[in-house]
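As structure tokens, the structure follows; a few thoughts come after it.
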Amino acid sequence: AAAATASGTNMALQIAGIVDTRYGVKGCDFLLPYGLASLKLVEHLARDALGETHDEIRLPTFVSEDVLRKEERVVARLRNLREREAGEDLGDLRQVLDDGDGGTAATTSGRDGIYRVRDGLLLRPKRGSLAALCSMLPLWIRSHADLPFRAFHAAPAFEVLRGRHVPLLQSAERTVVEAFVVEACVDNHAAVEAAVEAAQRILYRLGISFLATKRPDWSSRPGAWYTVAIDALVNGSAVQVFSSSSLDQAYSREFGITFEGEDGDTQYPHVSSSSLDCSRLLGASVAVVPGPIL
């Protein structure tokens with residue numbers, strides 16, 4: 001029955017001119033003219049929401065293994081600290097981060113969901129965009145006059161699909177709009193809240209029911225102090241379409257991002273990152289029309 005439902009959904013998407021799933025590579029679909037036009041409209045909503053406060057950039061499709069290994073150190077350090085320092089306040093965790101303790105990171109060779117092009121070079125995974133950007137920020141940020149730094153990019157994100165393929169909602173290549181904020185403030189809760197509010201306005205425009213929640217530590221973005229995510233409610237299922245995370249100074253310290261403050265002292269900026277999955281938003285928009293897609 002599930003196979004018949006999936007087959008019927010795929011045929012409906014094909015007839016509607018949205019997606020053709022008959023390519024033969026698991027998780028890879030052809031966007032048909034109407035589907036591509038619809039996806040561009042979703043991207044346009046995201047660009048409108050970010051265009052007044054962020055500059056658009058384009059990150060390379062490839063990322064080096066060395067850059068992702070730095071990100072793995074951030075992730076492993078925070079995970080180990082939370083295991084060891086459970087129940088202590090955030091300030092204590094930050095002090096241990098300052099001391100450089102936190103254990104050994106996993107290597108990218110053991111990570112699931114990554115396409116390796118050749119030794120030392122990978123297709124940039126969705127979570128690798130921030131690491132790629134942070135590797136360049138020490139060249140762009142030197143003083144408090146360079147902050148706040150706000151940028152976004154819209155590009156495909158790749159991951160090895162190991163579960164069931166659901167057109168638009170669960171595929172190996174999806175279009176995402178990612179936004180990054182680097183600032184000198186003590187905390188960046190305001191940046192996270194602004195990103196969540198912008199994403200909510202987009203979902204209202206698309207007529208998609210959703211639920212915004214602050215994720216528990218085990219469900220937050222790896223390496224983040226906390227994450228707020230939005231799930232689209234699709235035929236009784238929750239599909240994550242957006243997340244915004246406060247990364248504090250962890251990435252700044254790992255990637256050596258510093259700036260000269262107004263008093264002449266050297267400081268680490270605070271970083272936040274947001275991701276809007278345009279492909280999933282399109283899939284959720286299609287799914288609100290009567291008829292199963294999941």
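The way I read the labels, and the way they are meant: chains A, B, ... in the order of the structure tokens, residue 1 as the first residue of every chain, and ligand 1 as the first ligand shown, with later ones counted on from there.
Using only C-alpha atoms, the residues found no farther than 8 Å from Gly223 in chain A, other than those of its own chain fewer than 3 positions away, are Glu71, Val74, Val75, Ala76, Leu78, Arg79, Leu247 and Ala250 of chain A.
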Run DSSP on the backbone of this structure and report the residues of range 155-187 of chain A it assigns to strand (DSSP E), as a PyMOL selection string.
chain A and resi 155-158+173-183
Please produce a file of those selected residues containing N, CA, C and O atoms, as a PDB file, in the first residue's frame.
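Everything below was put into out.pdb:
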ATOM      1  N   ALA A 155      21.735  28.034  -2.429  1.00  0.00           N
ATOM      2  CA  ALA A 155      22.478  27.060  -3.228  1.00  0.00           C
ATOM      3  C   ALA A 155      22.016  25.655  -2.888  1.00  0.00           C
ATOM      4  O   ALA A 155      21.374  25.430  -1.850  1.00  0.00           O
ATOM      5  N   PRO A 156      22.348  24.686  -3.748  1.00  0.00           N
ATOM      6  CA  PRO A 156      22.027  23.290  -3.414  1.00  0.00           C
ATOM      7  C   PRO A 156      22.877  22.807  -2.247  1.00  0.00           C
ATOM      8  O   PRO A 156      24.018  23.248  -2.053  1.00  0.00           O
ATOM      9  N   ALA A 157      22.308  21.926  -1.448  1.00  0.00           N
ATOM     10  CA  ALA A 157      23.038  21.246  -0.373  1.00  0.00           C
ATOM     11  C   ALA A 157      22.919  19.754  -0.628  1.00  0.00           C
ATOM     12  O   ALA A 157      21.870  19.265  -1.060  1.00  0.00           O
ATOM     13  N   PHE A 158      23.988  19.040  -0.361  1.00  0.00           N
ATOM     14  CA  PHE A 158      24.048  17.626  -0.723  1.00  0.00           C
ATOM     15  C   PHE A 158      24.206  16.758   0.517  1.00  0.00           C
ATOM     16  O   PHE A 158      24.907  17.127   1.460  1.00  0.00           O
ATOM     17  N   GLU A 173      19.588  16.065  -2.878  1.00  0.00           N
ATOM     18  CA  GLU A 173      19.983  17.429  -3.231  1.00  0.00           C
ATOM     19  C   GLU A 173      18.786  18.345  -3.040  1.00  0.00           C
ATOM     20  O   GLU A 173      17.744  18.150  -3.652  1.00  0.00           O
ATOM     21  N   ARG A 174      18.953  19.331  -2.165  1.00  0.00           N
ATOM     22  CA  ARG A 174      17.860  20.263  -1.889  1.00  0.00           C
ATOM     23  C   ARG A 174      18.404  21.688  -1.917  1.00  0.00           C
ATOM     24  O   ARG A 174      19.567  21.930  -1.601  1.00  0.00           O
ATOM     25  N   THR A 175      17.546  22.613  -2.292  1.00  0.00           N
ATOM     26  CA  THR A 175      17.932  24.021  -2.324  1.00  0.00           C
ATOM     27  C   THR A 175      17.657  24.653  -0.968  1.00  0.00           C
ATOM     28  O   THR A 175      16.544  24.559  -0.448  1.00  0.00           O
ATOM     29  N   VAL A 176      18.666  25.265  -0.392  1.00  0.00           N
ATOM     30  CA  VAL A 176      18.521  25.897   0.913  1.00  0.00           C
ATOM     31  C   VAL A 176      19.004  27.349   0.827  1.00  0.00           C
ATOM     32  O   VAL A 176      19.855  27.690   0.006  1.00  0.00           O
ATOM     33  N   VAL A 177      18.423  28.176   1.678  1.00  0.00           N
ATOM     34  CA  VAL A 177      18.901  29.548   1.859  1.00  0.00           C
ATOM     35  C   VAL A 177      19.446  29.632   3.274  1.00  0.00           C
ATOM     36  O   VAL A 177      18.717  29.405   4.245  1.00  0.00           O
ATOM     37  N   GLU A 178      20.733  29.919   3.380  1.00  0.00           N
ATOM     38  CA  GLU A 178      21.391  29.979   4.688  1.00  0.00           C
ATOM     39  C   GLU A 178      21.832  31.412   4.973  1.00  0.00           C
ATOM     40  O   GLU A 178      22.358  32.095   4.094  1.00  0.00           O
ATOM     41  N   ALA A 179      21.603  31.832   6.195  1.00  0.00           N
ATOM     42  CA  ALA A 179      21.972  33.186   6.611  1.00  0.00           C
ATOM     43  C   ALA A 179      22.945  33.110   7.778  1.00  0.00           C
ATOM     44  O   ALA A 179      22.839  32.220   8.635  1.00  0.00           O
ATOM     45  N   PHE A 180      23.876  34.055   7.807  1.00  0.00           N
ATOM     46  CA  PHE A 180      24.920  34.065   8.830  1.00  0.00           C
ATOM     47  C   PHE A 180      25.034  35.472   9.417  1.00  0.00           C
ATOM     48  O   PHE A 180      25.000  36.461   8.684  1.00  0.00           O
ATOM     49  N   VAL A 181      25.150  35.537  10.728  1.00  0.00           N
ATOM     50  CA  VAL A 181      25.326  36.820  11.418  1.00  0.00           C
ATOM     51  C   VAL A 181      26.542  36.695  12.335  1.00  0.00           C
ATOM     52  O   VAL A 181      26.626  35.773  13.152  1.00  0.00           O
ATOM     53  N   VAL A 182      27.471  37.613  12.191  1.00  0.00           N
ATOM     54  CA  VAL A 182      28.650  37.682  13.054  1.00  0.00           C
ATOM     55  C   VAL A 182      28.640  39.062  13.691  1.00  0.00           C
ATOM     56  O   VAL A 182      28.628  40.083  12.978  1.00  0.00           O
ATOM     57  N   GLU A 183      28.637  39.124  15.021  1.00  0.00           N
ATOM     58  CA  GLU A 183      28.496  40.410  15.695  1.00  0.00           C
ATOM     59  C   GLU A 183      29.302  40.433  16.983  1.00  0.00           C
ATOM     60  O   GLU A 183      29.738  39.402  17.490  1.00  0.00           O
TER      61      GLU A 183
END
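For the residues A:Asp231, A:Glu52, A:Asp217, A:Glu254, ranking by smallest atom-to-atom distance to Val196 in chain A using only C-alpha atoms places A:Asp231 first.
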What parts of range 207-262 of chain A does DSSP call alpha helix (DSSP H)? I'd like the answer as a list in words.
Ala250, Tyr251, Ser252, Arg253, Glu254 and Phe255 of chain A
Using all heavy atoms, can you write the selected residues to a file as a PDB file, in the first residue's frame?
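The new file again.pdb reads:
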ATOM      1  N   ALA A 250      32.216  29.725  19.807  1.00  0.00           N
ATOM      2  CA  ALA A 250      32.934  28.469  19.575  1.00  0.00           C
ATOM      3  C   ALA A 250      33.603  28.436  18.209  1.00  0.00           C
ATOM      4  O   ALA A 250      34.778  28.047  18.083  1.00  0.00           O
ATOM      5  CB  ALA A 250      31.974  27.290  19.733  1.00  0.00           C
ATOM      6  N   TYR A 251      32.892  28.840  17.168  1.00  0.00           N
ATOM      7  CA  TYR A 251      33.475  28.828  15.823  1.00  0.00           C
ATOM      8  C   TYR A 251      34.537  29.910  15.678  1.00  0.00           C
ATOM      9  O   TYR A 251      35.555  29.711  15.004  1.00  0.00           O
ATOM     10  CB  TYR A 251      32.372  29.007  14.777  1.00  0.00           C
ATOM     11  CG  TYR A 251      31.644  27.725  14.439  1.00  0.00           C
ATOM     12  CD1 TYR A 251      30.696  27.194  15.306  1.00  0.00           C
ATOM     13  CD2 TYR A 251      31.906  27.039  13.260  1.00  0.00           C
ATOM     14  CE1 TYR A 251      30.029  26.018  15.009  1.00  0.00           C
ATOM     15  CE2 TYR A 251      31.250  25.866  12.948  1.00  0.00           C
ATOM     16  CZ  TYR A 251      30.310  25.361  13.824  1.00  0.00           C
ATOM     17  OH  TYR A 251      29.663  24.182  13.532  1.00  0.00           O
ATOM     18  N   SER A 252      34.307  31.051  16.302  1.00  0.00           N
ATOM     19  CA  SER A 252      35.297  32.127  16.232  1.00  0.00           C
ATOM     20  C   SER A 252      36.630  31.682  16.822  1.00  0.00           C
ATOM     21  O   SER A 252      37.698  31.947  16.258  1.00  0.00           O
ATOM     22  CB  SER A 252      34.789  33.363  16.986  1.00  0.00           C
ATOM     23  OG  SER A 252      33.616  33.864  16.408  1.00  0.00           O
ATOM     24  N   ARG A 253      36.570  30.986  17.939  1.00  0.00           N
ATOM     25  CA  ARG A 253      37.798  30.537  18.595  1.00  0.00           C
ATOM     26  C   ARG A 253      38.494  29.437  17.789  1.00  0.00           C
ATOM     27  O   ARG A 253      39.726  29.429  17.679  1.00  0.00           O
ATOM     28  CB  ARG A 253      37.481  30.051  20.008  1.00  0.00           C
ATOM     29  CG  ARG A 253      36.982  31.165  20.925  1.00  0.00           C
ATOM     30  CD  ARG A 253      36.604  30.657  22.309  1.00  0.00           C
ATOM     31  NE  ARG A 253      36.055  31.733  23.129  1.00  0.00           N
ATOM     32  CZ  ARG A 253      36.786  32.612  23.797  1.00  0.00           C
ATOM     33  NH1 ARG A 253      38.101  32.534  23.750  1.00  0.00           N
ATOM     34  NH2 ARG A 253      36.211  33.556  24.514  1.00  0.00           N
ATOM     35  N   GLU A 254      37.726  28.539  17.225  1.00  0.00           N
ATOM     36  CA  GLU A 254      38.327  27.432  16.460  1.00  0.00           C
ATOM     37  C   GLU A 254      38.943  27.929  15.156  1.00  0.00           C
ATOM     38  O   GLU A 254      40.015  27.463  14.750  1.00  0.00           O
ATOM     39  CB  GLU A 254      37.268  26.368  16.173  1.00  0.00           C
ATOM     40  CG  GLU A 254      37.778  25.183  15.370  1.00  0.00           C
ATOM     41  CD  GLU A 254      38.864  24.403  16.094  1.00  0.00           C
ATOM     42  OE1 GLU A 254      38.756  24.217  17.328  1.00  0.00           O
ATOM     43  OE2 GLU A 254      39.835  23.975  15.426  1.00  0.00           O
ATOM     44  N   PHE A 255      38.282  28.876  14.488  1.00  0.00           N
ATOM     45  CA  PHE A 255      38.755  29.348  13.187  1.00  0.00           C
ATOM     46  C   PHE A 255      39.617  30.611  13.296  1.00  0.00           C
ATOM     47  O   PHE A 255      40.033  31.157  12.278  1.00  0.00           O
ATOM     48  CB  PHE A 255      37.566  29.607  12.264  1.00  0.00           C
ATOM     49  CG  PHE A 255      36.937  28.358  11.723  1.00  0.00           C
ATOM     50  CD1 PHE A 255      35.931  27.716  12.437  1.00  0.00           C
ATOM     51  CD2 PHE A 255      37.356  27.816  10.505  1.00  0.00           C
ATOM     52  CE1 PHE A 255      35.344  26.558  11.944  1.00  0.00           C
ATOM     53  CE2 PHE A 255      36.769  26.668  10.015  1.00  0.00           C
ATOM     54  CZ  PHE A 255      35.762  26.020  10.725  1.00  0.00           C
TER      55      PHE A 255
END
If we count only C-alpha atoms, what is near Arg142 in chain A at a cut-off of 9 Å, once residues fewer than 6 positions away on the same chain are taken out, given as a ChimeraX atom specification?
/A:257-260
